[in-house]
Amino acid sequence: MEINTAVALGGIVASYFFVFCILAYYANILMFKTKVNEIWMFMSFSKPLYAYTIKNDLRIKFGYIPLSSLVKTDSAGDVGLNDDELKKYDRRTMKNAFIFHGMMGTMLTVLIVAVSWISGYDPLVIFKDFGNHIWLLFSGKNDFSGFVNFIHSQYTAYGKHFFIFLSVGIYFIFISLVLMISSLYSFLSALMGLVIIVGYFVVGFKFLELPFTFYIDLILSLIVIGFIYFLLLRFFIK
């Protein structure tokens with residue numbers, strides 16, 4: 001795949017992370033009435049690469065792992081509650097996360113349907129084809145090479161840019177579903193995160209067999225575009 005494919009993919013993924021930060025912030029402030037302390041554009045295990053502070057001491061941070069973005073709110077230990085109140089607070093936090101990720105999945109589905117219709121494609125056929133081939137893969141009726149051939153055929157049929165948008169959108173719908181499930185049980189969050197990270201490397205390097213230079217171009221485009229979005233966040237957080 002040529003370099004502009006990696007750049008287009010990086011741009012779409014970074015745009016999702018950017019929109020996620022904005023929507024998660026306003027959902028917590030307006031819907032869930034929760035104080036937001038930090039907004040992360042990309043993840044980090046410790047200190048961010050760079051950060052700045054805006055109103056109400058809200059910190060916007062730029063991490064070094066371009067796999068997702070996140071919004072940090074008050075934890076149960078920060079609000080000074082007794083044991084019964086802490087249990088209620090935790091349940092409410094999990095409920096809010098479930099609702100928010102459900103909203104994200106629904107919005108992505110509506111967006112894909114709308115763009116598909118505008119582009120002249122039938123979204124029902126698209127979802128049916130992807131659903132059937134994913135089911136055949138997980139049920140063992142088709143191997144991964146057959147699934148990869150299907151992906152390549154869709155890439156040719158729909159064109160590069162629409163297919164990139166489509167595949168990334170479907171992927172993040174799946175991630176929204178995973179996050180909805182993991183929000184119900186705290187121990188599932190770390191497990192699901194590990195599965196997703198391992199999946200990136202297994203699928204990307206072992207099965208899709210893309211050249212290593214493609215991943216370098218993808219990571220570089222993600223970092224550059226993500227950093228621009230990181231600087232722009234101050235203008236969208238009011």
# chains A, B, ... in the order shown; residues from 1 in each chain; ligands from 1
>>> residues_around(residues="Phe227 (chain A)", least_positions_apart="3", cutoff="8 Å", atoms="only C-alpha atoms", output="list in words")
Met41, Phe62, Ile223, Val224, Phe230 and Leu231 of chain A
>>> residues_around(residues="region 134-136 of chain A", least_positions_apart="6", cutoff="12 Å", atoms="only C-alpha atoms", output="PyMOL selection string")
chain A and resi 127-128+142-148+150-151+170-171+174
>>> write_last_selection(atoms="N, CA, C and O atoms", output="short mmCIF file (atom, residue, chain, number, x, y, z; two decimals), in the first residue's frame")
data_model
loop_
_atom_site.label_atom_id
_atom_site.label_comp_id
_atom_site.auth_asym_id
_atom_site.auth_seq_id
_atom_site.Cartn_x
_atom_site.Cartn_y
_atom_site.Cartn_z
N PHE A 127 -23.01 -4.17 5.56
CA PHE A 127 -22.99 -4.78 6.89
C PHE A 127 -23.22 -6.29 6.80
O PHE A 127 -22.63 -7.06 7.57
N LYS A 128 -24.08 -6.72 5.87
CA LYS A 128 -24.34 -8.15 5.72
C LYS A 128 -23.09 -8.88 5.25
O LYS A 128 -22.75 -9.96 5.77
N ASN A 142 -14.25 -20.61 7.61
CA ASN A 142 -13.35 -19.97 6.67
C ASN A 142 -12.06 -19.63 7.40
O ASN A 142 -12.09 -19.28 8.59
N ASP A 143 -10.91 -19.74 6.73
CA ASP A 143 -9.66 -19.38 7.39
C ASP A 143 -9.35 -17.90 7.18
O ASP A 143 -10.06 -17.20 6.47
N PHE A 144 -8.29 -17.43 7.81
CA PHE A 144 -8.00 -16.01 7.76
C PHE A 144 -7.56 -15.56 6.38
O PHE A 144 -7.80 -14.42 5.99
N SER A 145 -6.94 -16.44 5.63
CA SER A 145 -6.54 -16.06 4.27
C SER A 145 -7.77 -15.76 3.41
O SER A 145 -7.76 -14.84 2.59
N GLY A 146 -8.84 -16.53 3.62
CA GLY A 146 -10.08 -16.25 2.90
C GLY A 146 -10.69 -14.93 3.31
O GLY A 146 -11.22 -14.19 2.48
N PHE A 147 -10.58 -14.60 4.61
CA PHE A 147 -11.09 -13.33 5.09
C PHE A 147 -10.27 -12.17 4.52
O PHE A 147 -10.82 -11.13 4.14
N VAL A 148 -8.95 -12.36 4.45
CA VAL A 148 -8.08 -11.32 3.88
C VAL A 148 -8.42 -11.11 2.41
O VAL A 148 -8.45 -9.97 1.92
N PHE A 150 -11.31 -11.50 1.07
CA PHE A 150 -12.56 -10.73 1.07
C PHE A 150 -12.27 -9.24 1.30
O PHE A 150 -12.84 -8.38 0.62
N ILE A 151 -11.40 -8.93 2.26
CA ILE A 151 -11.04 -7.54 2.54
C ILE A 151 -10.45 -6.89 1.30
O ILE A 151 -10.81 -5.76 0.93
N ILE A 170 -16.41 0.58 11.04
CA ILE A 170 -16.89 -0.70 11.56
C ILE A 170 -16.01 -1.17 12.71
O ILE A 170 -16.50 -1.71 13.72
N TYR A 171 -14.70 -0.94 12.61
CA TYR A 171 -13.80 -1.32 13.68
C TYR A 171 -14.15 -0.57 14.97
O TYR A 171 -14.23 -1.18 16.05
N PHE A 174 -17.18 -1.83 16.66
CA PHE A 174 -16.83 -3.03 17.43
C PHE A 174 -16.17 -2.64 18.76
O PHE A 174 -16.49 -3.20 19.81
#
>>> closest_residue(among="A:Ile228, A:Leu166, A:Glu38, A:Leu222", to="Gly10 (chain A)", atoms="only C-alpha atoms")
A:Leu222
>>> select_by_dssp(residues="region 3-207 of chain A", states="strand (DSSP E)", output="list in words")
Val36, Asn37, Glu38, Ile39, Trp40, Met41, Tyr50, Ala51, Tyr52, Thr53, Arg59, Ile60, Lys61, Phe62, Leu70, Val71, Lys72 and Thr73 of chain A
>>> atom_distance(atom1="CA of Met180 (chain A)", atom2="CA of Cys21 (chain A)")
17.0 Å
>>> select_by_dssp(residues="region 52-124 of chain A", states="alpha helix (DSSP H)", output="number ranges by chain")
A: 83-118, 123-124
>>> closest_residue(among="A:Lys238, A:His152, A:Lys160, A:Arg59", to="Ala8 (chain A)", atoms="only C-alpha atoms")
A:Lys160
>>> closest_residue(among="A:Met43, A:Leu9, A:Ile112, A:Leu137", to="Leu67 (chain A)", atoms="only C-alpha atoms")
A:Met43
>>> closest_residue(among="A:Leu70, A:Ile118, A:Val168, A:Ala51", to="Val19 (chain A)", atoms="only C-alpha atoms")
A:Leu70
>>> closest_residue(among="A:Leu184, A:Val178, A:Leu108, A:Val71", to="Thr93 (chain A)", atoms="only C-alpha atoms")
A:Leu184
>>> residues_around(residues="region 232-234 of chain A", least_positions_apart="2", cutoff="8 Å", atoms="only C-alpha atoms", output="VMD selection string")
chain A and resid 18 22 54 60 228 to 230 236 to 238
>>> write_last_selection(atoms="all heavy atoms", output="short mmCIF file (atom, residue, chain, number, x, y, z; two decimals), in the first residue's frame")
data_model
loop_
_atom_site.label_atom_id
_atom_site.label_comp_id
_atom_site.auth_asym_id
_atom_site.auth_seq_id
_atom_site.Cartn_x
_atom_site.Cartn_y
_atom_site.Cartn_z
N PHE A 18 -9.98 12.58 18.17
CA PHE A 18 -10.25 13.99 18.42
C PHE A 18 -11.72 14.21 18.76
O PHE A 18 -12.06 14.85 19.77
CB PHE A 18 -9.85 14.79 17.18
CG PHE A 18 -10.17 16.26 17.25
CD1 PHE A 18 -9.53 17.08 18.16
CD2 PHE A 18 -11.08 16.82 16.37
CE1 PHE A 18 -9.81 18.44 18.21
CE2 PHE A 18 -11.37 18.18 16.41
CZ PHE A 18 -10.72 18.99 17.34
N ILE A 22 -13.79 15.35 22.47
CA ILE A 22 -14.77 16.44 22.58
C ILE A 22 -16.11 15.91 23.09
O ILE A 22 -16.70 16.47 24.03
CB ILE A 22 -14.95 17.14 21.22
CG1 ILE A 22 -13.63 17.81 20.80
CG2 ILE A 22 -16.07 18.18 21.29
CD1 ILE A 22 -13.64 18.34 19.39
N ILE A 54 -6.02 24.61 30.53
CA ILE A 54 -6.99 25.63 30.14
C ILE A 54 -7.86 25.93 31.36
O ILE A 54 -7.46 25.66 32.49
CB ILE A 54 -7.83 25.18 28.92
CG1 ILE A 54 -8.57 23.87 29.21
CG2 ILE A 54 -6.93 25.00 27.71
CD1 ILE A 54 -9.51 23.47 28.08
N ILE A 60 -4.88 19.22 29.30
CA ILE A 60 -4.97 18.50 28.03
C ILE A 60 -3.58 17.95 27.73
O ILE A 60 -2.60 18.70 27.65
CB ILE A 60 -5.46 19.42 26.90
CG1 ILE A 60 -6.85 19.95 27.24
CG2 ILE A 60 -5.47 18.67 25.58
CD1 ILE A 60 -7.45 20.84 26.17
N ILE A 228 -1.60 17.93 16.00
CA ILE A 228 -2.35 19.11 15.54
C ILE A 228 -3.71 19.16 16.22
O ILE A 228 -4.14 20.21 16.71
CB ILE A 228 -2.50 19.08 14.01
CG1 ILE A 228 -1.13 19.22 13.34
CG2 ILE A 228 -3.44 20.19 13.53
CD1 ILE A 228 -1.15 19.03 11.84
N TYR A 229 -4.39 18.02 16.28
CA TYR A 229 -5.68 17.95 16.98
C TYR A 229 -5.52 18.28 18.46
O TYR A 229 -6.37 18.94 19.07
CB TYR A 229 -6.30 16.57 16.82
CG TYR A 229 -6.99 16.35 15.50
CD1 TYR A 229 -6.88 15.14 14.83
CD2 TYR A 229 -7.76 17.35 14.92
CE1 TYR A 229 -7.53 14.93 13.62
CE2 TYR A 229 -8.41 17.15 13.71
CZ TYR A 229 -8.28 15.94 13.07
OH TYR A 229 -8.93 15.74 11.87
N PHE A 230 -4.44 17.79 19.06
CA PHE A 230 -4.15 18.07 20.47
C PHE A 230 -4.07 19.57 20.73
O PHE A 230 -4.61 20.09 21.71
CB PHE A 230 -2.84 17.37 20.84
CG PHE A 230 -2.16 17.91 22.07
CD1 PHE A 230 -2.65 17.64 23.33
CD2 PHE A 230 -1.01 18.69 21.94
CE1 PHE A 230 -2.01 18.13 24.46
CE2 PHE A 230 -0.38 19.19 23.06
CZ PHE A 230 -0.87 18.91 24.32
N PHE A 236 -12.12 23.88 21.25
CA PHE A 236 -13.40 23.16 21.23
C PHE A 236 -13.90 22.83 22.63
O PHE A 236 -15.02 22.35 22.78
CB PHE A 236 -13.23 21.86 20.43
CG PHE A 236 -13.02 22.07 18.96
CD1 PHE A 236 -11.76 22.31 18.45
CD2 PHE A 236 -14.10 22.07 18.10
CE1 PHE A 236 -11.57 22.52 17.09
CE2 PHE A 236 -13.92 22.27 16.74
CZ PHE A 236 -12.65 22.51 16.24
N ILE A 237 -13.09 23.04 23.63
CA ILE A 237 -13.47 22.80 25.01
C ILE A 237 -13.79 24.14 25.67
O ILE A 237 -12.90 24.96 25.87
CB ILE A 237 -12.36 22.09 25.81
CG1 ILE A 237 -11.95 20.78 25.09
CG2 ILE A 237 -12.79 21.82 27.22
CD1 ILE A 237 -13.06 19.79 24.95
N LYS A 238 -15.05 24.37 25.95
CA LYS A 238 -15.50 25.67 26.49
C LYS A 238 -16.04 25.51 27.91
O LYS A 238 -16.49 24.45 28.30
CB LYS A 238 -16.59 26.27 25.59
CG LYS A 238 -16.13 26.44 24.14
CD LYS A 238 -14.99 27.42 24.01
CE LYS A 238 -14.60 27.62 22.55
NZ LYS A 238 -13.48 28.56 22.40
#
>>> closest_residue(among="A:Tyr52, A:Phe214, A:Phe98, A:Phe45", to="Ser176 (chain A)", atoms="only C-alpha atoms")
A:Phe98
>>> residues_around(residues="Ser68 (chain A)", least_positions_apart="5", cutoff="9 Å", atoms="only C-alpha atoms", output="VMD selection string")
chain A and resid 13 to 14 17 40 to 43
>>> write_last_selection(atoms="N, CA and C atoms", output="mmCIF file, in the first residue's frame")
data_model
loop_
_atom_site.group_PDB
_atom_site.id
_atom_site.type_symbol
_atom_site.label_atom_id
_atom_site.label_comp_id
_atom_site.auth_asym_id
_atom_site.auth_seq_id
_atom_site.Cartn_x
_atom_site.Cartn_y
_atom_site.Cartn_z
ATOM 1 N N VAL A 13 -8.315 7.856 11.733
ATOM 2 C CA VAL A 13 -8.214 7.360 13.104
ATOM 3 C C VAL A 13 -7.981 8.516 14.079
ATOM 4 N N ALA A 14 -7.069 9.429 13.723
ATOM 5 C CA ALA A 14 -6.800 10.583 14.587
ATOM 6 C C ALA A 14 -8.049 11.453 14.722
ATOM 7 N N PHE A 17 -10.282 9.933 17.334
ATOM 8 C CA PHE A 17 -9.801 10.205 18.689
ATOM 9 C C PHE A 17 -10.121 11.643 19.103
ATOM 10 N N TRP A 40 -6.872 13.307 27.376
ATOM 11 C CA TRP A 40 -5.670 12.730 26.774
ATOM 12 C C TRP A 40 -5.872 12.504 25.279
ATOM 13 N N MET A 41 -5.044 13.127 24.468
ATOM 14 C CA MET A 41 -4.957 12.789 23.050
ATOM 15 C C MET A 41 -3.823 11.780 22.929
ATOM 16 N N PHE A 42 -4.168 10.502 22.827
ATOM 17 C CA PHE A 42 -3.264 9.356 22.859
ATOM 18 C C PHE A 42 -2.987 8.953 24.314
ATOM 19 N N MET A 43 -2.568 7.728 24.471
ATOM 20 C CA MET A 43 -2.349 7.135 25.787
ATOM 21 C C MET A 43 -0.908 7.341 26.250
#
>>> atom_distance(atom1="CA of Tyr155 (chain A)", atom2="CA of Thr5 (chain A)")
11.4 Å
>>> atom_distance(atom1="CA of Gly120 (chain A)", atom2="CA of Ile175 (chain A)")
26.5 Å
>>> residues_around(residues="Leu111 (chain A)", least_positions_apart="5", cutoff="9 Å", atoms="only C-alpha atoms", output="list of chain:residue names")
A:Thr106, A:Ser116, A:Gly169
>>> residues_around(residues="Ser44 (chain A)", least_positions_apart="2", cutoff="8 Å", atoms="only C-alpha atoms", output="list in words")
Phe42, Ser46, Lys47, Pro48, Gly63, Tyr64 and Ile65 of chain A
>>> write_last_selection(atoms="all heavy atoms", output="short mmCIF file (atom, residue, chain, number, x, y, z; two decimals), in the first residue's frame")
data_model
loop_
_atom_site.label_atom_id
_atom_site.label_comp_id
_atom_site.auth_asym_id
_atom_site.auth_seq_id
_atom_site.Cartn_x
_atom_site.Cartn_y
_atom_site.Cartn_z
N PHE A 42 -4.17 10.50 22.83
CA PHE A 42 -3.26 9.36 22.86
C PHE A 42 -2.99 8.95 24.31
O PHE A 42 -3.13 9.74 25.23
CB PHE A 42 -1.96 9.59 22.11
CG PHE A 42 -2.12 9.86 20.64
CD1 PHE A 42 -1.11 10.48 19.91
CD2 PHE A 42 -3.29 9.51 19.97
CE1 PHE A 42 -1.26 10.73 18.56
CE2 PHE A 42 -3.44 9.77 18.62
CZ PHE A 42 -2.42 10.38 17.91
N SER A 46 2.90 6.89 31.79
CA SER A 46 3.35 7.75 32.88
C SER A 46 3.12 9.20 32.49
O SER A 46 1.98 9.59 32.26
CB SER A 46 4.83 7.48 33.19
OG SER A 46 5.63 7.66 32.03
N LYS A 47 4.19 9.97 32.42
CA LYS A 47 4.05 11.38 32.06
C LYS A 47 3.78 11.53 30.57
O LYS A 47 4.30 10.76 29.76
CB LYS A 47 5.32 12.15 32.44
CG LYS A 47 5.56 12.22 33.94
CD LYS A 47 6.82 13.04 34.24
CE LYS A 47 7.05 13.14 35.74
NZ LYS A 47 8.27 13.93 36.06
N PRO A 48 2.99 12.53 30.19
CA PRO A 48 2.75 12.77 28.76
C PRO A 48 3.97 13.41 28.10
O PRO A 48 4.89 13.89 28.78
CB PRO A 48 1.57 13.75 28.78
CG PRO A 48 1.74 14.50 30.06
CD PRO A 48 2.28 13.50 31.05
N GLY A 63 -0.11 12.01 24.71
CA GLY A 63 0.62 10.80 25.04
C GLY A 63 1.48 10.31 23.91
O GLY A 63 1.56 10.91 22.83
N TYR A 64 2.14 9.18 24.14
CA TYR A 64 3.07 8.64 23.14
C TYR A 64 2.62 7.27 22.60
O TYR A 64 3.36 6.63 21.87
CB TYR A 64 4.48 8.52 23.73
CG TYR A 64 4.55 7.88 25.09
CD1 TYR A 64 4.50 6.50 25.23
CD2 TYR A 64 4.69 8.65 26.24
CE1 TYR A 64 4.57 5.89 26.47
CE2 TYR A 64 4.77 8.07 27.50
CZ TYR A 64 4.71 6.69 27.61
OH TYR A 64 4.78 6.10 28.84
N ILE A 65 1.42 6.83 22.96
CA ILE A 65 0.90 5.56 22.43
C ILE A 65 -0.38 5.86 21.65
O ILE A 65 -1.46 6.02 22.23
CB ILE A 65 0.59 4.56 23.56
CG1 ILE A 65 1.83 4.37 24.44
CG2 ILE A 65 0.15 3.22 22.98
CD1 ILE A 65 1.59 3.48 25.65
#
